[in-house]
$ cat run.json   # JSON, C-alpha atoms
[["chain", "number", "residue", "atom", "x", "y", "z"],
["A", 226, "MET", "CA", 11.05, -1.85, 13.84],
["A", 227, "SER", "CA", 10.10, -1.87, 10.17],
["A", 228, "SER", "CA", 8.46, 0.96, 8.30],
["A", 229, "TYR", "CA", 4.71, 0.84, 7.87],
["A", 230, "THR", "CA", 2.55, 2.27, 5.11],
["A", 231, "ILE", "CA", -0.03, 4.89, 6.08],
["A", 232, "GLU", "CA", -3.49, 4.54, 4.52],
["A", 233, "ILE", "CA", -6.25, 7.07, 5.18],
["A", 234, "THR", "CA", -9.94, 6.28, 4.73],
["A", 235, "SER", "CA", -12.12, 8.67, 2.75],
["A", 236, "LYS", "CA", -13.95, 9.63, 5.98],
["A", 237, "ALA", "CA", -10.65, 10.54, 7.66],
["A", 238, "GLN", "CA", -9.64, 12.58, 4.59],
["A", 239, "LYS", "CA", -12.90, 14.55, 4.87],
["A", 240, "ASP", "CA", -12.30, 15.04, 8.59],
["A", 241, "LEU", "CA", -8.81, 16.38, 7.85],
["A", 242, "LYS", "CA", -10.02, 18.81, 5.17],
["A", 243, "LYS", "CA", -12.51, 20.38, 7.62],
["A", 244, "LEU", "CA", -9.74, 21.44, 10.02],
["A", 245, "ASN", "CA", -7.95, 24.77, 9.93],
["A", 246, "PRO", "CA", -4.52, 24.67, 8.23],
["A", 247, "ALA", "CA", -2.42, 25.02, 11.41],
["A", 248, "ILE", "CA", -4.12, 22.08, 13.15],
["A", 249, "ARG", "CA", -4.13, 20.04, 9.94],
["A", 250, "SER", "CA", -0.36, 20.51, 9.62],
["A", 251, "ARG", "CA", 0.27, 19.31, 13.19],
["A", 252, "ILE", "CA", -1.94, 16.26, 12.69],
["A", 253, "GLU", "CA", -0.31, 15.37, 9.37],
["A", 254, "LYS", "CA", 3.13, 15.46, 11.03],
["A", 255, "GLU", "CA", 1.95, 13.10, 13.77],
["A", 256, "ILE", "CA", 0.37, 10.74, 11.21],
["A", 257, "LEU", "CA", 3.64, 10.58, 9.28],
["A", 258, "LYS", "CA", 5.48, 9.64, 12.48],
["A", 259, "LEU", "CA", 3.29, 6.51, 12.66],
["A", 260, "GLU", "CA", 5.27, 5.06, 9.73],
["A", 261, "LEU", "CA", 8.22, 4.42, 12.05],
["A", 262, "ASP", "CA", 6.60, 4.26, 15.49],
["A", 263, "GLN", "CA", 3.09, 2.79, 15.47],
["A", 264, "LYS", "CA", 2.67, 3.16, 19.23],
["A", 265, "PRO", "CA", 4.12, 6.57, 20.14],
["A", 266, "GLN", "CA", 4.13, 7.99, 23.65],
["A", 267, "GLN", "CA", 0.69, 9.61, 23.30],
["A", 268, "PHE", "CA", -0.96, 6.46, 21.88],
["A", 269, "LYS", "CA", -3.68, 4.63, 23.77],
["A", 270, "PRO", "CA", -5.49, 1.37, 23.02],
["A", 271, "LEU", "CA", -9.25, 1.87, 22.91],
["A", 272, "MET", "CA", -11.52, -0.33, 24.98],
["A", 273, "GLY", "CA", -14.21, -2.20, 23.12],
["A", 274, "ARG", "CA", -12.65, -1.30, 19.74],
["A", 275, "LYS", "CA", -15.99, -0.39, 18.16],
["A", 276, "ILE", "CA", -14.42, 2.58, 16.39],
["A", 277, "ALA", "CA", -10.72, 1.73, 16.19],
["A", 278, "GLN", "CA", -7.95, -0.20, 17.95],
["A", 279, "TYR", "CA", -5.83, 2.82, 18.93],
["A", 280, "ARG", "CA", -5.77, 6.58, 19.17],
["A", 281, "ILE", "CA", -3.12, 9.24, 19.35],
["A", 282, "ARG", "CA", -3.59, 12.64, 20.90],
["A", 283, "VAL", "CA", -2.64, 15.80, 19.02],
["A", 284, "GLY", "CA", -3.64, 18.67, 21.32],
["A", 285, "ASP", "CA", -7.44, 18.61, 21.61],
["A", 286, "TYR", "CA", -7.72, 16.37, 18.53],
["A", 287, "ARG", "CA", -7.63, 12.60, 18.23],
["A", 288, "VAL", "CA", -6.50, 10.36, 15.39],
["A", 289, "LEU", "CA", -8.17, 6.93, 15.51],
["A", 290, "TYR", "CA", -6.38, 4.13, 13.71],
["A", 291, "ASP", "CA", -5.99, 0.37, 13.30],
["A", 292, "LEU", "CA", -2.75, -1.57, 12.88],
["A", 293, "TYR", "CA", -2.30, -4.44, 10.45],
["A", 294, "PRO", "CA", 1.15, -5.86, 11.28],
["A", 295, "GLU", "CA", 0.90, -8.70, 8.76],
["A", 296, "ASP", "CA", 0.60, -6.14, 5.93],
["A", 297, "ASN", "CA", 2.70, -3.39, 7.59],
["A", 298, "VAL", "CA", -0.23, -0.96, 7.32],
["A", 299, "VAL", "CA", -1.51, 1.78, 9.62],
["A", 300, "LEU", "CA", -5.11, 2.57, 8.63],
["A", 301, "ILE", "CA", -6.30, 6.02, 9.75],
["A", 302, "LEU", "CA", -10.05, 5.77, 10.38],
["A", 303, "ARG", "CA", -11.17, 9.08, 11.89],
["A", 304, "ILE", "CA", -9.75, 12.46, 12.88],
["A", 305, "GLY", "CA", -11.61, 14.92, 15.06],
["A", 306, "HIS", "CA", -11.96, 17.02, 18.19],
["A", 307, "ARG", "CA", -11.92, 15.06, 21.42],
["A", 308, "LYS", "CA", -15.48, 16.12, 22.31],
["A", 309, "GLU", "CA", -16.96, 14.75, 19.09],
["A", 310, "ILE", "CA", -14.75, 11.94, 17.81],
["A", 311, "TYR", "CA", -16.13, 9.09, 19.94],
["A", 312, "ARG", "CA", -19.79, 9.69, 19.05]]
$ encode --input "run.json" --output "structure tokens"
Amino acid sequence: MSSYTIEITSKAQKDLKKLNPAIRSRIEKEILKLELDQKPQQFKPLMGRKIAQYRIRVGDYRVLYDLYPEDNVVLILRIGHRKEIYR
């Protein structure tokens, strides 16, 4: 499996900045793991794909992202608490 480039949208960057430092650190580690494994164990394809193609779970938080295999890019779209992220 080849290495992918991680790109984060401005909305996802704002979402990340709002989180407390401990949670932010955990989420950043999981995002970096997506460079080598784009579909980790806690990944799930989203039905309907109105927000994103996939999500990974980091505790009570979700990272929503799209994959672009032709460009080797993982685009992080949103980051947030599970109760609010899908709204």
$ closest_residue --input "run.json" --among "A:Ile304, A:Ile256, A:Ile231, A:Leu261" --to "Arg287 of chain A" --atoms "all atoms listed in the file"
A:Ile304
$ closest_residue --input "run.json" --among "A:Ala247, A:Val298, A:Ile276, A:Leu259" --to "Ile310 of chain A" --atoms "all atoms listed in the file"
A:Ile276
$ closest_residue --input "run.json" --among "A:Arg312, A:Lys236, A:Tyr229, A:Pro246" --to "Lys264 of chain A" --atoms "all atoms listed in the file"
A:Tyr229
$ closest_residue --input "run.json" --among "A:Val288, A:Arg307, A:Tyr293, A:Leu300" --to "Arg251 of chain A" --atoms "all atoms listed in the file"
A:Val288
$ atom_distance --input "run.json" --atom1 "atom CA of Pro270 of chain A" --atom2 "atom CA of Asn245 of chain A"
26.9 Å
$ closest_residue --input "run.json" --among "A:Arg303, A:Leu271, A:Asn297, A:Asp262" --to "Lys239 of chain A" --atoms "only C-alpha atoms"
A:Arg303
$ closest_residue --input "run.json" --among "A:Met272, A:Ala277, A:Ala237, A:Asp291" --to "Glu253 of chain A" --atoms "only C-alpha atoms"
A:Ala237
$ atom_distance --input "run.json" --atom1 "atom CA of Lys242 of chain A" --atom2 "atom CA of Ile281 of chain A"
18.4 Å
$ axis_aligned_box --input "run.json" --around "segment 229-245 of chain A" --padding-each-side "4 Å" --output "JSON"
{"center_x": -4.6, "center_y": 12.8, "center_z": 6.4, "size_x": 26.7, "size_y": 31.9, "size_z": 15.3}
$ atom_distance --input "run.json" --atom1 "atom CA of Asp296 of chain A" --atom2 "atom CA of Arg249 of chain A"
26.9 Å
$ build_atoms --input "run.json" --residues "segment 277-307 of chain A" --atoms "N, CA and C atoms" --output "tab-separated table (two decimals), keeping the file's coordinate frame"
chain	number	residue	atom	x	y	z
A	277	ALA	N	-12.09	1.99	16.64
A	277	ALA	CA	-10.72	1.73	16.19
A	277	ALA	C	-9.96	0.99	17.30
A	278	GLN	N	-8.78	0.48	16.96
A	278	GLN	CA	-7.95	-0.20	17.95
A	278	GLN	C	-7.19	0.79	18.83
A	279	TYR	N	-6.70	1.88	18.21
A	279	TYR	CA	-5.83	2.82	18.93
A	279	TYR	C	-6.18	4.25	18.61
A	280	ARG	N	-5.64	5.15	19.45
A	280	ARG	CA	-5.77	6.58	19.17
A	280	ARG	C	-4.49	7.27	19.60
A	281	ILE	N	-4.19	8.36	18.90
A	281	ILE	CA	-3.12	9.24	19.35
A	281	ILE	C	-3.72	10.61	19.60
A	282	ARG	N	-3.12	11.31	20.51
A	282	ARG	CA	-3.59	12.64	20.90
A	282	ARG	C	-2.70	13.68	20.24
A	283	VAL	N	-3.35	14.66	19.61
A	283	VAL	CA	-2.64	15.80	19.02
A	283	VAL	C	-3.37	17.04	19.54
A	284	GLY	N	-2.93	17.56	20.69
A	284	GLY	CA	-3.64	18.67	21.32
A	284	GLY	C	-5.03	18.22	21.73
A	285	ASP	N	-6.05	18.96	21.30
A	285	ASP	CA	-7.44	18.61	21.61
A	285	ASP	C	-8.04	17.68	20.56
A	286	TYR	N	-7.23	17.22	19.62
A	286	TYR	CA	-7.72	16.37	18.53
A	286	TYR	C	-7.22	14.95	18.71
A	287	ARG	N	-7.98	14.01	18.15
A	287	ARG	CA	-7.63	12.60	18.23
A	287	ARG	C	-7.58	12.01	16.83
A	288	VAL	N	-6.63	11.11	16.63
A	288	VAL	CA	-6.50	10.36	15.39
A	288	VAL	C	-6.75	8.90	15.76
A	289	LEU	N	-7.82	8.32	15.22
A	289	LEU	CA	-8.17	6.93	15.51
A	289	LEU	C	-7.65	6.06	14.38
A	290	TYR	N	-6.99	4.96	14.75
A	290	TYR	CA	-6.38	4.13	13.71
A	290	TYR	C	-6.33	2.66	14.12
A	291	ASP	N	-6.19	1.80	13.12
A	291	ASP	CA	-5.99	0.37	13.30
A	291	ASP	C	-4.62	0.00	12.77
A	292	LEU	N	-4.03	-1.04	13.35
A	292	LEU	CA	-2.75	-1.57	12.88
A	292	LEU	C	-2.97	-2.93	12.24
A	293	TYR	N	-2.29	-3.15	11.13
A	293	TYR	CA	-2.30	-4.44	10.45
A	293	TYR	C	-0.85	-4.88	10.28
A	294	PRO	N	-0.26	-5.52	11.32
A	294	PRO	CA	1.15	-5.86	11.28
A	294	PRO	C	1.51	-6.85	10.17
A	295	GLU	N	0.59	-7.73	9.81
A	295	GLU	CA	0.90	-8.70	8.76
A	295	GLU	C	1.10	-8.04	7.40
A	296	ASP	N	0.46	-6.87	7.19
A	296	ASP	CA	0.60	-6.14	5.93
A	296	ASP	C	1.46	-4.88	6.07
A	297	ASN	N	1.94	-4.61	7.29
A	297	ASN	CA	2.70	-3.39	7.59
A	297	ASN	C	1.92	-2.14	7.19
A	298	VAL	N	0.66	-2.07	7.66
A	298	VAL	CA	-0.23	-0.96	7.32
A	298	VAL	C	-0.79	-0.33	8.59
A	299	VAL	N	-0.80	1.00	8.60
A	299	VAL	CA	-1.51	1.78	9.62
A	299	VAL	C	-2.69	2.41	8.89
A	300	LEU	N	-3.91	2.06	9.28
A	300	LEU	CA	-5.11	2.57	8.63
A	300	LEU	C	-5.73	3.65	9.50
A	301	ILE	N	-5.71	4.89	9.03
A	301	ILE	CA	-6.30	6.02	9.75
A	301	ILE	C	-7.80	6.01	9.47
A	302	LEU	N	-8.61	5.90	10.54
A	302	LEU	CA	-10.05	5.77	10.38
A	302	LEU	C	-10.81	7.08	10.55
A	303	ARG	N	-10.47	7.84	11.60
A	303	ARG	CA	-11.17	9.08	11.89
A	303	ARG	C	-10.21	10.08	12.49
A	304	ILE	N	-10.52	11.36	12.30
A	304	ILE	CA	-9.75	12.46	12.88
A	304	ILE	C	-10.76	13.49	13.35
A	305	GLY	N	-10.65	13.92	14.60
A	305	GLY	CA	-11.61	14.92	15.06
A	305	GLY	C	-11.30	15.43	16.45
A	306	HIS	N	-12.10	16.42	16.86
A	306	HIS	CA	-11.96	17.02	18.19
A	306	HIS	C	-12.35	16.00	19.24
A	307	ARG	N	-11.70	16.06	20.37
A	307	ARG	CA	-11.92	15.06	21.42
A	307	ARG	C	-13.36	14.99	21.92
